[in-house]
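Shown next, in C-alpha cells, is the structure this report addresses.
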Amino acid sequence: MGKRKVTAVIERAKDGTYSIYMDADDMDYLVTGTGKTVNEAMAAFNGGYEDMRRYYAEEGKNFEDVDFIFKYDMASFLSYYSNILSLAGLSRLTGINQQQLSHYVTGRRHPSAKTVEKMQDAIRRFGNDLSTVNFV
C-alpha cells in the first residue's frame, strides 16, 4: 500500500500573503506554511514537514509519512496567476464570463463544483497543449 494522500490547501490572505495548510484533522501532526508568494509558502510548508519528521524521529515517535496534493482555492489561483493569465484570456479559455471570474477573484462569489471542474479541465487542456510546443 502506498503513502496516504493528504490535501494541502493554498489560500491568499487579505494582506496579499499566501498560506498552505493540511486538510486532515485526523492526523497526529499539522503542517502549515506562509509566505509573500506561493513559492515562499511552499518552501515554508515543506520545511515544516521535514522539521516535523525530524522531531518525531528524535522523540522516537511513529511518523505518518504522506504525499501532499496541493490545491488552490479559486480566488487564490486567479489572484496568483493574474500576472500571467488575464481574466479576459481565462474567459476565452474556459468559457466562463469575465465578470463572473472577477467575482471569484474578489471572493464575492464562489464557483460551483461544476464550474470548478470546467475551469480545471480547460486549464489542464491548455497546459497539455503548451507542453507539446516546440520552437525551431
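Letters A, B, ... mark the chains of the C-alpha cells in the order given; residue numbers begin at 1 per chain; ligand numbers begin at 1, in order shown.
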**Message:** With DSSP run on the backbone, what are the strand (DSSP E or B) residues within region 35-78 of chain A? I'd like them as a list in words.
**Reply:** Gly35, Val66, Asp67, Phe68, Ile69, Phe70, Lys71 and Tyr72 of chain A
Just to be explicit: take each residue in the selection above, keep C-alpha atoms, and write the result as a PDB file, in the first residue's frame.
```
ATOM      1  CA  GLY A  35       4.980  33.467   2.570  1.00  0.00           C
ATOM      2  CA  VAL A  66       2.294  11.253   3.453  1.00  0.00           C
ATOM      3  CA  ASP A  67       2.165  12.624  -0.077  1.00  0.00           C
ATOM      4  CA  PHE A  68       0.568  16.029  -0.475  1.00  0.00           C
ATOM      5  CA  ILE A  69      -1.868  17.046  -3.166  1.00  0.00           C
ATOM      6  CA  PHE A  70      -1.710  20.839  -3.370  1.00  0.00           C
ATOM      7  CA  LYS A  71      -4.992  22.548  -4.218  1.00  0.00           C
ATOM      8  CA  TYR A  72      -5.742  26.241  -4.683  1.00  0.00           C
TER       9      TYR A  72
END
```
**Prompt:** Can you list, as an MDAnalysis selection string, every residue of chain A that DSSP puts in alpha helix (DSSP H)?
**Reply:** chainID A and resid 38:59 74:80 87:94 98:106 113:131
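The shell of residues at most 12 Å from Lys14 (chain A), with only C-alpha atoms counted and near chain neighbours (fewer than 4 positions) removed, consists of Tyr18, Ser19, Lys36, Ala75, Ser76, Ser79, Val105, Thr106 and Gly107 of chain A.
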Could you please take those selected residues and save C-alpha atoms as a PDB file, in the first residue's frame?
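Final output, result.pdb:
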```pdb
ATOM      1  CA  TYR A  18      -0.190  33.065   0.935  1.00  0.00           C
ATOM      2  CA  SER A  19      -0.689  30.223   3.364  1.00  0.00           C
ATOM      3  CA  LYS A  36       4.737  36.516   0.363  1.00  0.00           C
ATOM      4  CA  ALA A  75      -9.688  33.189  -5.596  1.00  0.00           C
ATOM      5  CA  SER A  76      -6.075  32.368  -4.720  1.00  0.00           C
ATOM      6  CA  SER A  79      -5.004  36.098  -7.973  1.00  0.00           C
ATOM      7  CA  VAL A 105     -11.071  36.702  -7.541  1.00  0.00           C
ATOM      8  CA  THR A 106     -12.602  39.063  -5.002  1.00  0.00           C
ATOM      9  CA  GLY A 107     -14.328  36.268  -3.117  1.00  0.00           C
TER      10      GLY A 107
END
```
**Request:** Using only C-alpha atoms, determine which residues lie at most 12 Å from Ala113 (chain A), disregarding the query and same-chain residues fewer than 5 positions distant; provide the list as a list in words.
**Result:** Asp73, Met74, Lys118, Met119 and Gln120 of chain A
Using only N, CA and C atoms, please write the residues we just selected to a file, as a PDB file, in the first residue's frame.
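Wrote it out as out37.pdb, contents follow:
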```pdb
ATOM      1  N   ASP A  73      -7.594  27.380  -3.612  1.00  0.00           N
ATOM      2  CA  ASP A  73      -8.974  27.829  -3.674  1.00  0.00           C
ATOM      3  C   ASP A  73      -9.033  28.739  -4.903  1.00  0.00           C
ATOM      4  N   MET A  74     -10.208  28.919  -5.486  1.00  0.00           N
ATOM      5  CA  MET A  74     -10.332  29.609  -6.770  1.00  0.00           C
ATOM      6  C   MET A  74      -9.793  31.036  -6.719  1.00  0.00           C
ATOM      7  N   LYS A 118     -15.036  22.588 -14.776  1.00  0.00           N
ATOM      8  CA  LYS A 118     -14.926  23.175 -16.117  1.00  0.00           C
ATOM      9  C   LYS A 118     -13.632  23.979 -16.254  1.00  0.00           C
ATOM     10  N   MET A 119     -13.333  24.797 -15.249  1.00  0.00           N
ATOM     11  CA  MET A 119     -12.097  25.593 -15.273  1.00  0.00           C
ATOM     12  C   MET A 119     -10.877  24.689 -15.224  1.00  0.00           C
ATOM     13  N   GLN A 120     -10.897  23.741 -14.331  1.00  0.00           N
ATOM     14  CA  GLN A 120      -9.766  22.831 -14.163  1.00  0.00           C
ATOM     15  C   GLN A 120      -9.483  22.080 -15.462  1.00  0.00           C
TER      16      GLN A 120
END
```
Can you pull out the residues contacting region 89-101 of chain A? Cut-off 12 Å, using only C-alpha atoms, and skip same-chain residues under 5 positions away; I want them as a compact mmCIF listing (two decimals) with N, CA and C atoms, in the first residue's frame.
```txt
# COMPACT_ATOMS: atom_id res chain seq x y z
N MET A 74 -10.21 28.92 -5.49
CA MET A 74 -10.33 29.61 -6.77
C MET A 74 -9.79 31.04 -6.72
N ALA A 75 -10.14 31.80 -5.69
CA ALA A 75 -9.69 33.19 -5.60
C ALA A 75 -8.16 33.26 -5.56
N SER A 76 -7.53 32.37 -4.83
CA SER A 76 -6.08 32.37 -4.72
C SER A 76 -5.41 32.00 -6.04
N PHE A 77 -5.96 31.03 -6.73
CA PHE A 77 -5.41 30.66 -8.04
C PHE A 77 -5.49 31.83 -9.00
N LEU A 78 -6.67 32.43 -9.11
CA LEU A 78 -6.86 33.53 -10.04
C LEU A 78 -5.98 34.71 -9.69
N SER A 79 -5.85 35.00 -8.41
CA SER A 79 -5.00 36.10 -7.97
C SER A 79 -3.53 35.82 -8.25
N TYR A 81 -2.08 33.82 -10.41
CA TYR A 81 -1.71 33.75 -11.82
C TYR A 81 -2.18 34.95 -12.63
N SER A 82 -2.67 35.99 -11.98
CA SER A 82 -3.19 37.17 -12.69
C SER A 82 -2.11 37.90 -13.49
N ASN A 83 -0.84 37.75 -13.12
CA ASN A 83 0.24 38.39 -13.89
C ASN A 83 0.49 37.66 -15.20
N ILE A 84 0.03 36.43 -15.29
CA ILE A 84 0.27 35.61 -16.48
C ILE A 84 -1.01 35.40 -17.28
N THR A 106 -12.34 38.24 -6.18
CA THR A 106 -12.60 39.06 -5.00
C THR A 106 -13.22 38.27 -3.86
N GLY A 107 -13.69 37.07 -4.15
CA GLY A 107 -14.33 36.27 -3.12
C GLY A 107 -15.79 36.60 -2.91
N ARG A 108 -16.35 37.48 -3.74
CA ARG A 108 -17.77 37.83 -3.61
C ARG A 108 -18.66 36.63 -3.93
N ARG A 109 -18.17 35.80 -4.82
CA ARG A 109 -18.91 34.59 -5.17
C ARG A 109 -17.93 33.43 -5.21
N HIS A 110 -18.47 32.25 -5.07
CA HIS A 110 -17.66 31.03 -5.11
C HIS A 110 -18.22 30.14 -6.21
N PRO A 111 -17.35 29.57 -7.02
CA PRO A 111 -17.82 28.73 -8.13
C PRO A 111 -18.44 27.44 -7.63
N SER A 112 -19.38 26.96 -8.41
CA SER A 112 -19.98 25.65 -8.12
C SER A 112 -18.96 24.57 -8.45
N LYS A 114 -19.34 22.21 -10.50
CA LYS A 114 -19.35 22.05 -11.96
C LYS A 114 -18.46 23.11 -12.62
N THR A 115 -18.50 24.34 -12.13
CA THR A 115 -17.67 25.40 -12.69
C THR A 115 -16.20 25.16 -12.39
N VAL A 116 -15.91 24.70 -11.18
CA VAL A 116 -14.51 24.38 -10.82
C VAL A 116 -13.97 23.31 -11.77
N GLU A 117 -14.76 22.29 -12.01
CA GLU A 117 -14.34 21.21 -12.90
C GLU A 117 -14.14 21.73 -14.33
N LYS A 118 -15.04 22.59 -14.78
CA LYS A 118 -14.93 23.17 -16.12
C LYS A 118 -13.63 23.98 -16.25
N MET A 119 -13.33 24.80 -15.25
CA MET A 119 -12.10 25.59 -15.27
C MET A 119 -10.88 24.69 -15.22
N GLN A 120 -10.90 23.74 -14.33
CA GLN A 120 -9.77 22.83 -14.16
C GLN A 120 -9.48 22.08 -15.46
N ASP A 121 -10.52 21.57 -16.11
CA ASP A 121 -10.36 20.84 -17.36
C ASP A 121 -9.78 21.74 -18.45
N ALA A 122 -10.30 22.96 -18.58
CA ALA A 122 -9.83 23.89 -19.61
C ALA A 122 -8.37 24.27 -19.37
N ILE A 123 -8.00 24.53 -18.13
CA ILE A 123 -6.63 24.92 -17.82
C ILE A 123 -5.68 23.75 -18.05
N ARG A 124 -6.09 22.56 -17.70
CA ARG A 124 -5.24 21.38 -17.94
C ARG A 124 -5.06 21.11 -19.43
N ARG A 125 -6.14 21.27 -20.20
CA ARG A 125 -6.01 21.10 -21.66
C ARG A 125 -5.03 22.12 -22.22
N PHE A 126 -5.13 23.36 -21.75
CA PHE A 126 -4.22 24.42 -22.19
C PHE A 126 -2.78 24.06 -21.81
N GLY A 127 -2.58 23.59 -20.59
CA GLY A 127 -1.24 23.18 -20.15
C GLY A 127 -0.70 22.05 -20.99
```
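Once Thr34 (chain A) and its same-chain neighbours fewer than 3 positions away are set aside, A:Val9, A:Ile10, A:Glu11, A:Arg12, A:Ala13, A:Asp15, A:Gly16, A:Thr17, A:Tyr18, A:Ser19, A:Ile20, A:Tyr21, A:Val31, A:Thr37, A:Val38, A:Asn39, A:Glu40, A:Ala41, A:Met42, A:Ala43, A:Ala44, A:Phe45, A:Asn46, A:Gly47, A:Gly48 remain within 12 Å of it when counting only C-alpha atoms.
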Please write the residues from the selection above to a file, keeping N, CA and C atoms, as a tab-separated table (two decimals), in the first residue's frame.
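Result went into result_15.tsv, see below:
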```tsv
chain	number	residue	atom	x	y	z
A	9	VAL	N	-4.07	22.86	1.22
A	9	VAL	CA	-4.83	23.94	0.60
A	9	VAL	C	-3.98	25.21	0.56
A	10	ILE	N	-3.94	25.83	-0.62
A	10	ILE	CA	-3.22	27.09	-0.82
A	10	ILE	C	-4.25	28.21	-0.86
A	11	GLU	N	-4.08	29.19	0.04
A	11	GLU	CA	-5.01	30.31	0.10
A	11	GLU	C	-4.26	31.63	0.17
A	12	ARG	N	-4.86	32.66	-0.39
A	12	ARG	CA	-4.31	34.01	-0.32
A	12	ARG	C	-5.05	34.77	0.75
A	13	ALA	N	-4.29	35.41	1.65
A	13	ALA	CA	-4.89	36.19	2.73
A	13	ALA	C	-5.21	37.61	2.25
A	15	ASP	N	-4.08	40.30	3.28
A	15	ASP	CA	-2.88	41.14	3.22
A	15	ASP	C	-1.98	40.79	2.03
A	16	GLY	N	-2.41	39.85	1.19
A	16	GLY	CA	-1.67	39.50	-0.01
A	16	GLY	C	-0.69	38.36	0.16
A	17	THR	N	-0.49	37.88	1.39
A	17	THR	CA	0.40	36.75	1.60
A	17	THR	C	-0.35	35.45	1.31
A	18	TYR	N	0.40	34.38	1.21
A	18	TYR	CA	-0.19	33.06	0.94
A	18	TYR	C	0.07	32.13	2.10
A	19	SER	N	-0.88	31.24	2.33
A	19	SER	CA	-0.69	30.22	3.36
A	19	SER	C	-1.08	28.87	2.79
A	20	ILE	N	-0.46	27.85	3.35
A	20	ILE	CA	-0.76	26.48	2.96
A	20	ILE	C	-0.99	25.70	4.25
A	21	TYR	N	-2.05	24.93	4.29
A	21	TYR	CA	-2.33	24.11	5.47
A	21	TYR	C	-2.83	22.74	5.04
A	31	VAL	N	0.90	20.60	9.58
A	31	VAL	CA	1.94	21.42	8.96
A	31	VAL	C	1.27	22.59	8.26
A	37	THR	N	4.80	34.84	-1.40
A	37	THR	CA	4.42	34.22	-2.66
A	37	THR	C	4.04	32.76	-2.38
A	38	VAL	N	3.45	32.13	-3.37
A	38	VAL	CA	3.13	30.71	-3.23
A	38	VAL	C	4.42	29.91	-3.06
A	39	ASN	N	5.46	30.28	-3.80
A	39	ASN	CA	6.73	29.55	-3.69
A	39	ASN	C	7.32	29.66	-2.29
A	40	GLU	N	7.25	30.85	-1.69
A	40	GLU	CA	7.75	31.02	-0.31
A	40	GLU	C	6.91	30.19	0.66
A	41	ALA	N	5.60	30.22	0.49
A	41	ALA	CA	4.72	29.44	1.37
A	41	ALA	C	4.98	27.95	1.20
A	42	MET	N	5.22	27.52	-0.03
A	42	MET	CA	5.51	26.11	-0.31
A	42	MET	C	6.83	25.70	0.36
A	43	ALA	N	7.85	26.56	0.27
A	43	ALA	CA	9.13	26.25	0.91
A	43	ALA	C	8.96	26.15	2.42
A	44	ALA	N	8.19	27.07	3.02
A	44	ALA	CA	7.95	27.03	4.46
A	44	ALA	C	7.16	25.77	4.84
A	45	PHE	N	6.18	25.42	4.03
A	45	PHE	CA	5.37	24.23	4.28
A	45	PHE	C	6.23	22.97	4.22
A	46	ASN	N	7.01	22.83	3.16
A	46	ASN	CA	7.87	21.65	3.02
A	46	ASN	C	8.93	21.60	4.12
A	47	GLY	N	9.46	22.76	4.50
A	47	GLY	CA	10.41	22.82	5.61
A	47	GLY	C	9.76	22.39	6.92
A	48	GLY	N	8.55	22.82	7.15
A	48	GLY	CA	7.81	22.41	8.35
A	48	GLY	C	7.56	20.92	8.39
```
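Atom to atom, CA of Leu30 (chain A) and CA of Tyr80 (chain A) stand 24.4 Å apart.
Using only C-alpha atoms, the nearest neighbour of Glu64 (chain A) within the list A:Val6, A:Leu87, A:Asp23, A:Thr32 is A:Val6.
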